[in-house]
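Encoded as structure tokens, the structure appears first; notes follow it.
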Amino acid sequence: MIEQQSIENKNTNNSDILTTSLYNLRQSAGRLELDDHIIARIAEPKEKIEITIDPILSNGETAHVKAFVVRHNDVLGPAKGGIRMTNSVTMDDIVGLSMEMTWKTSLIGVPFGGGKSGIRCDPASLSPEAREIIIRSFTRGIRRHIGPEIYIPAPDMGTNEEDMGHVRDCIAYSNGTSITKGCFVTGKPVILGGIVGRREATGKGVIFTTLAACEKIGIDITKARIAVQGFGNVGMIAAAWAAKSGASVIAVSDITGGIINEQGLDIDALREHVKETSGVRGFQDATETTNNAVLDAPCDILIPAATQSQITKTNADKIKAKIIAEGANSPITPDADELLNRRGIFIIPDILCNAGGVFVSFLEYTQETQREQMTYEQVEQRLRDRMVEKFDEVYNYSLEKHITMRQAAMDIAVGKVVEGIYSRGLLP
Ligand code: GLU
């Protein structure tokens with residue numbers, strides 16, 4: 001079977017993310033009994049672009065940076081997905097992440113396909129000026145591949161709304177116009193047409209699905225202890241919303257280390273501390289610990305919101321949580337996933353759990369297209385309703401088919417993309 005081989009062959013890549021994405025797809029394709037020619041279509045991206053940018057920086061040095069753009073699939077709409085900026089991102093990572101976006105947009109029910117970009121560069125090493133130059137240079141380099149009907153980028157790990165403002169300005173500037181025709185990028189500053197509540201959307205969505213899971217499995221959130229790995233945009237907001245819902249956030253980690261207080265951390269004070277010192281380390285009223293100790297902290301709910309492949313077969317057995325809410329993309333490797341499933345740990349899979357960001361990106365896209373304005377309350381209500389609706393859909397399907405939440409989420413998402421392929425027709 002040529003197509004099955006093509007999935008297998010892809011496993012020779014060096015990216016954990018792509019390996020996990022292909023594994024999940026292979027499993028889903030088997031359960032859905034997909035035809036080989038369909039598997040071949042969805043196992044590979046529609047378009048992969050690699051560019052090199054060499055902008056001159058304000059200190060006179062020239063940067064030499066690789067960047068990637070992948071449109072995995074656009075059957076259900078233009079490719080959607082963030083720009084990841086890290087010093088180790090690879091084309092294969094971006095292929096895997098763009099595939100995840102295809103399933104995420106399909107599952108959460110927005111008319112987009114899956115895409116992703118990567119800029120291989122350490123954002124922490126850049127001055128604000130150098131960062132802006134790199135973002136603008138990247139935007140110019142991939143300009144032909146961005147558009148409301150092609151690919152609409154957004155923030156991802158290592159990028160933020162200021163960067164999206166520069167992407168937006170770079171495009172309007174090159175057109176010689178104030179605004180663009182339609183939405184070219186989401187997650188922009190509100191002053192430039194961004195939507196209120198987009199910044200918090202992913203973290204809030206994580207908590208909305210976590211609350212839904214607690215209800216199903218009988219955990220009282222006001223008595224729950226939560227550990228959060230990663231205190232960036234997703235982890236920080238998830239921790240704040242968990243605390244707001246009455247839970248006790250007992251352990252948090254970021255790149256500076258981990259902190260734990262079994263009586264509960266004051267998240268507002270921690271956010272202030274992080275603002276001042278750029279990390280959780282050294283926070284008062286907490287004991288310092290390691291990143292790994294946060295993963296296996298004595299908690300009811302674990303939110304891995306840092307990066308990929310954090311829970312592997314070597315640490316999966318130590319996890320004490322009853323629920324794992326995947327704030328990050330691909331934080332659990334397939335072998336660890338199996339071990340956790342065997343132990344009956346309830347996992348809210350990434351394509352459901354962290355889909356709040358792209359859902360609110362869709363609201364930003366429609367707001368800009370229609371020259372509308374939504375209020376913070378409207379955005380929050382629509383986000384909450386959609387996250388709970390999709391959680392219930394996945395949960396009920398998993399019960400009906402006797403499969404895990406991840407398997408149910410994948411099967412629903414892949415099934416909808418396949419339905420889209422057949423509805424379009426197979427002819428060119
Ligand atoms: N980067 C986010 C994600 O992985 C958001 C993507 C978007 O809003 O397009 O879901």
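Letters for chains follow the order of the structure tokens (A, B, ...), residue numbers begin at 1 for each chain, and ligand numbers begin at 1 in the order shown.
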
Any idea what's packed within 12 Å of Ala213 (chain A), counting only C-alpha atoms, ignoring anything in its chain fewer than 5 positions away? Could you give it as a PDB file with C-alpha atoms, in the first residue's frame?
```pdb
ATOM      1  CA  VAL A 206      -8.256  25.325  28.292  1.00  0.00           C
ATOM      2  CA  ILE A 207     -10.155  26.063  31.510  1.00  0.00           C
ATOM      3  CA  PHE A 208     -13.608  25.886  29.887  1.00  0.00           C
ATOM      4  CA  GLY A 218     -17.071  14.268  39.290  1.00  0.00           C
ATOM      5  CA  ILE A 219     -14.250  16.576  40.413  1.00  0.00           C
ATOM      6  CA  ASP A 220     -15.308  19.623  42.423  1.00  0.00           C
ATOM      7  CA  ILE A 221     -13.229  22.446  40.942  1.00  0.00           C
ATOM      8  CA  ASP A 300      -5.886  16.529  40.389  1.00  0.00           C
ATOM      9  CA  ILE A 301      -5.397  18.412  37.126  1.00  0.00           C
ATOM     10  CA  LYS A 322      -6.663  12.556  37.141  1.00  0.00           C
ATOM     11  CA  ILE A 323      -7.112  15.000  34.263  1.00  0.00           C
ATOM     12  CA  ILE A 324      -4.474  16.255  31.815  1.00  0.00           C
ATOM     13  CA  ALA A 325      -5.525  19.323  29.815  1.00  0.00           C
ATOM     14  CA  ILE A 345      -6.216   9.332  33.225  1.00  0.00           C
ATOM     15  CA  PHE A 346      -8.678  11.596  31.423  1.00  0.00           C
ATOM     16  CA  ILE A 347      -6.836  13.514  28.683  1.00  0.00           C
ATOM     17  CA  ILE A 348      -8.359  16.548  26.964  1.00  0.00           C
ATOM     18  CA  PRO A 349      -6.485  16.439  23.645  1.00  0.00           C
ATOM     19  CA  LEU A 352      -9.826  20.384  21.446  1.00  0.00           C
ATOM     20  CA  CYS A 353      -8.278  21.799  24.616  1.00  0.00           C
ATOM     21  CA  MET A 387     -15.663  25.009  23.760  1.00  0.00           C
ATOM     22  CA  VAL A 388     -18.388  23.333  25.829  1.00  0.00           C
ATOM     23  CA  LYS A 390     -17.295  20.685  21.141  1.00  0.00           C
ATOM     24  CA  PHE A 391     -16.189  19.101  24.410  1.00  0.00           C
ATOM     25  CA  ASP A 392     -19.614  17.453  24.718  1.00  0.00           C
ATOM     26  CA  VAL A 394     -16.139  14.658  21.568  1.00  0.00           C
ATOM     27  CA  TYR A 395     -17.074  13.205  24.967  1.00  0.00           C
ATOM     28  CA  ASN A 396     -20.337  11.666  23.708  1.00  0.00           C
ATOM     29  CA  MET A 405     -11.069  11.580  23.942  1.00  0.00           C
TER      30      MET A 405
END
```

Region 182-374 of chain A: which residues are strand (DSSP E or B) by DSSP, as a PyMOL selection string?
-> chain A and resi 225-229+248-254+257-260+287-289+301-304+311+323-325+332+346-348

Selection to disk with C-alpha atoms, as a compact mmCIF listing (two decimals), in the first residue's frame:
```txt
# COMPACT_ATOMS: atom_id res chain seq x y z
CA ARG A 225 -5.35 21.15 42.97
CA ILE A 226 -3.79 22.18 39.67
CA ALA A 227 -0.23 22.09 38.33
CA VAL A 228 0.73 24.14 35.28
CA GLN A 229 3.84 23.58 33.18
CA SER A 248 -5.94 25.85 43.99
CA VAL A 249 -2.93 26.23 41.67
CA ILE A 250 -0.21 24.49 43.66
CA ALA A 251 2.71 24.22 41.20
CA VAL A 252 3.95 26.20 38.22
CA SER A 253 7.07 26.05 36.08
CA ASP A 254 8.69 27.97 33.25
CA GLY A 257 12.47 26.51 37.02
CA GLY A 258 9.51 25.31 39.08
CA ILE A 259 7.77 26.49 42.24
CA ILE A 260 5.38 24.63 44.50
CA THR A 287 9.42 26.22 47.47
CA GLU A 288 11.69 25.99 44.45
CA THR A 289 11.57 22.76 42.55
CA ILE A 301 -5.40 18.41 37.13
CA LEU A 302 -2.18 18.87 35.16
CA ILE A 303 -1.96 21.49 32.42
CA PRO A 304 1.13 21.02 30.23
CA ILE A 311 5.29 13.67 28.99
CA ILE A 323 -7.11 15.00 34.26
CA ILE A 324 -4.47 16.26 31.82
CA ALA A 325 -5.52 19.32 29.81
CA ILE A 332 2.40 13.86 25.28
CA PHE A 346 -8.68 11.60 31.42
CA ILE A 347 -6.84 13.51 28.68
CA ILE A 348 -8.36 16.55 26.96
```

Ligand 1: which residues are within 6 Å, counting only C-alpha atoms and all ligand atoms, as a ChimeraX atom specification?
-> /A:80-82,153-156,355,357-358,361

Kindly save the residues from that selection, with N, CA and C atoms included, as a PDB file, in the first residue's frame.
```
ATOM      1  N   LYS A  80      -4.977  28.198   8.340  1.00  0.00           N
ATOM      2  CA  LYS A  80      -4.898  29.065   9.527  1.00  0.00           C
ATOM      3  C   LYS A  80      -3.910  28.466  10.498  1.00  0.00           C
ATOM      4  N   GLY A  81      -3.099  29.298  11.106  1.00  0.00           N
ATOM      5  CA  GLY A  81      -2.166  28.798  12.110  1.00  0.00           C
ATOM      6  C   GLY A  81      -1.064  29.802  12.377  1.00  0.00           C
ATOM      7  N   GLY A  82      -0.478  29.691  13.545  1.00  0.00           N
ATOM      8  CA  GLY A  82       0.438  30.709  14.039  1.00  0.00           C
ATOM      9  C   GLY A  82       1.844  30.671  13.453  1.00  0.00           C
ATOM     10  N   PRO A 153      -1.845  34.018   9.142  1.00  0.00           N
ATOM     11  CA  PRO A 153      -1.059  33.702  10.347  1.00  0.00           C
ATOM     12  C   PRO A 153      -1.623  34.322  11.627  1.00  0.00           C
ATOM     13  N   ALA A 154      -0.990  33.995  12.739  1.00  0.00           N
ATOM     14  CA  ALA A 154      -1.422  34.436  14.079  1.00  0.00           C
ATOM     15  C   ALA A 154      -0.227  34.226  15.013  1.00  0.00           C
ATOM     16  N   PRO A 155      -0.332  34.628  16.268  1.00  0.00           N
ATOM     17  CA  PRO A 155       0.778  34.341  17.188  1.00  0.00           C
ATOM     18  C   PRO A 155       0.869  32.849  17.524  1.00  0.00           C
ATOM     19  N   ASP A 156       2.055  32.416  17.829  1.00  0.00           N
ATOM     20  CA  ASP A 156       2.291  31.064  18.358  1.00  0.00           C
ATOM     21  C   ASP A 156       3.498  31.201  19.283  1.00  0.00           C
ATOM     22  N   ALA A 355      -7.979  24.875  21.390  1.00  0.00           N
ATOM     23  CA  ALA A 355      -8.560  25.433  20.154  1.00  0.00           C
ATOM     24  C   ALA A 355      -9.238  26.788  20.370  1.00  0.00           C
ATOM     25  N   GLY A 357      -7.927  29.611  20.972  1.00  0.00           N
ATOM     26  CA  GLY A 357      -7.185  30.678  20.285  1.00  0.00           C
ATOM     27  C   GLY A 357      -7.638  30.812  18.844  1.00  0.00           C
ATOM     28  N   VAL A 358      -7.673  29.695  18.146  1.00  0.00           N
ATOM     29  CA  VAL A 358      -8.040  29.784  16.728  1.00  0.00           C
ATOM     30  C   VAL A 358      -9.528  30.075  16.581  1.00  0.00           C
ATOM     31  N   SER A 361      -9.646  33.685  16.816  1.00  0.00           N
ATOM     32  CA  SER A 361      -9.063  34.203  15.573  1.00  0.00           C
ATOM     33  C   SER A 361     -10.130  34.258  14.480  1.00  0.00           C
TER      34      SER A 361
END
```

Name all residues at most 7 Å from Val196 (chain A) (count only C-alpha atoms; drop same-chain ones fewer than 2 positions away) and give them as number ranges by chain.
-> A: 190, 194, 198, 375-376

Length of the CA of Thr186 (chain A) to CA of Ala239 (chain A) vector [Å] |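 Calculated distance between CA of Thr186 (chain A) and CA of Ala239 (chain A) is 23.9 Å.
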
Calculate how many Å separate CA of Arg406 (chain A) from CA of Met157 (chain A), rounding to one decimal.
-> 22.5 Å

Please, which residues of region 33-247 of chain A, numbered as in this document, come out helix (DSSP H, G or I) from DSSP, as a PyMOL selection string?
-> chain A and resi 36-43+91-108+123-125+128-145+161-175+190-192+198-217+221-223+233-244

Between CA of Ser127 (chain A) and CA of Ile94 (chain A), distance in Å (one decimal) =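 It comes out at 25.0 Å.
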
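Proximity of A:Ser137, A:Thr86, A:Asn175, A:Thr222 to His64 (chain A), computed with only C-alpha atoms, is greatest for A:Ser137.
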
Report as a Markdown table: every residue of region 90-157 of chain A with an atom at most 10 Å from region 31-48 of chain A, its closest pair of atoms, and their distance in Å to one decimal, counting only C-alpha atoms, with rows sorted by chain and ascending residue number.
```
| residue | atom | partner | partner_atom | distance |
| --- | --- | --- | --- | --- |
| A:Met91 | CA | A:Lys48 | CA | 8.3 |
| A:Asp92 | CA | A:Lys48 | CA | 10.0 |
| A:Ile94 | CA | A:Lys48 | CA | 9.2 |
| A:Val95 | CA | A:Pro45 | CA | 6.8 |
| A:Gly96 | CA | A:Pro45 | CA | 9.2 |
| A:Ser98 | CA | A:Pro45 | CA | 8.1 |
| A:Met99 | CA | A:Pro45 | CA | 7.5 |
| A:Thr102 | CA | A:Ile42 | CA | 9.4 |
| A:Gly114 | CA | A:Pro45 | CA | 9.2 |
| A:Gly115 | CA | A:Pro45 | CA | 8.9 |
| A:Lys116 | CA | A:Lys48 | CA | 9.9 |
| A:Ser117 | CA | A:Lys48 | CA | 9.8 |
| A:His145 | CA | A:Glu47 | CA | 9.9 |
```

Using only C-alpha atoms, which residues sit within 12 Å of Ala413 (chain A) once same-chain residues fewer than 2 positions away are excluded, as an NGL selection string?
-> :A and (24-25 or 28-29 or 32 or 42 or 76 or 99-110 or 113-114 or 351-352 or 390 or 393-394 or 397 or 406-411 or 415-420)
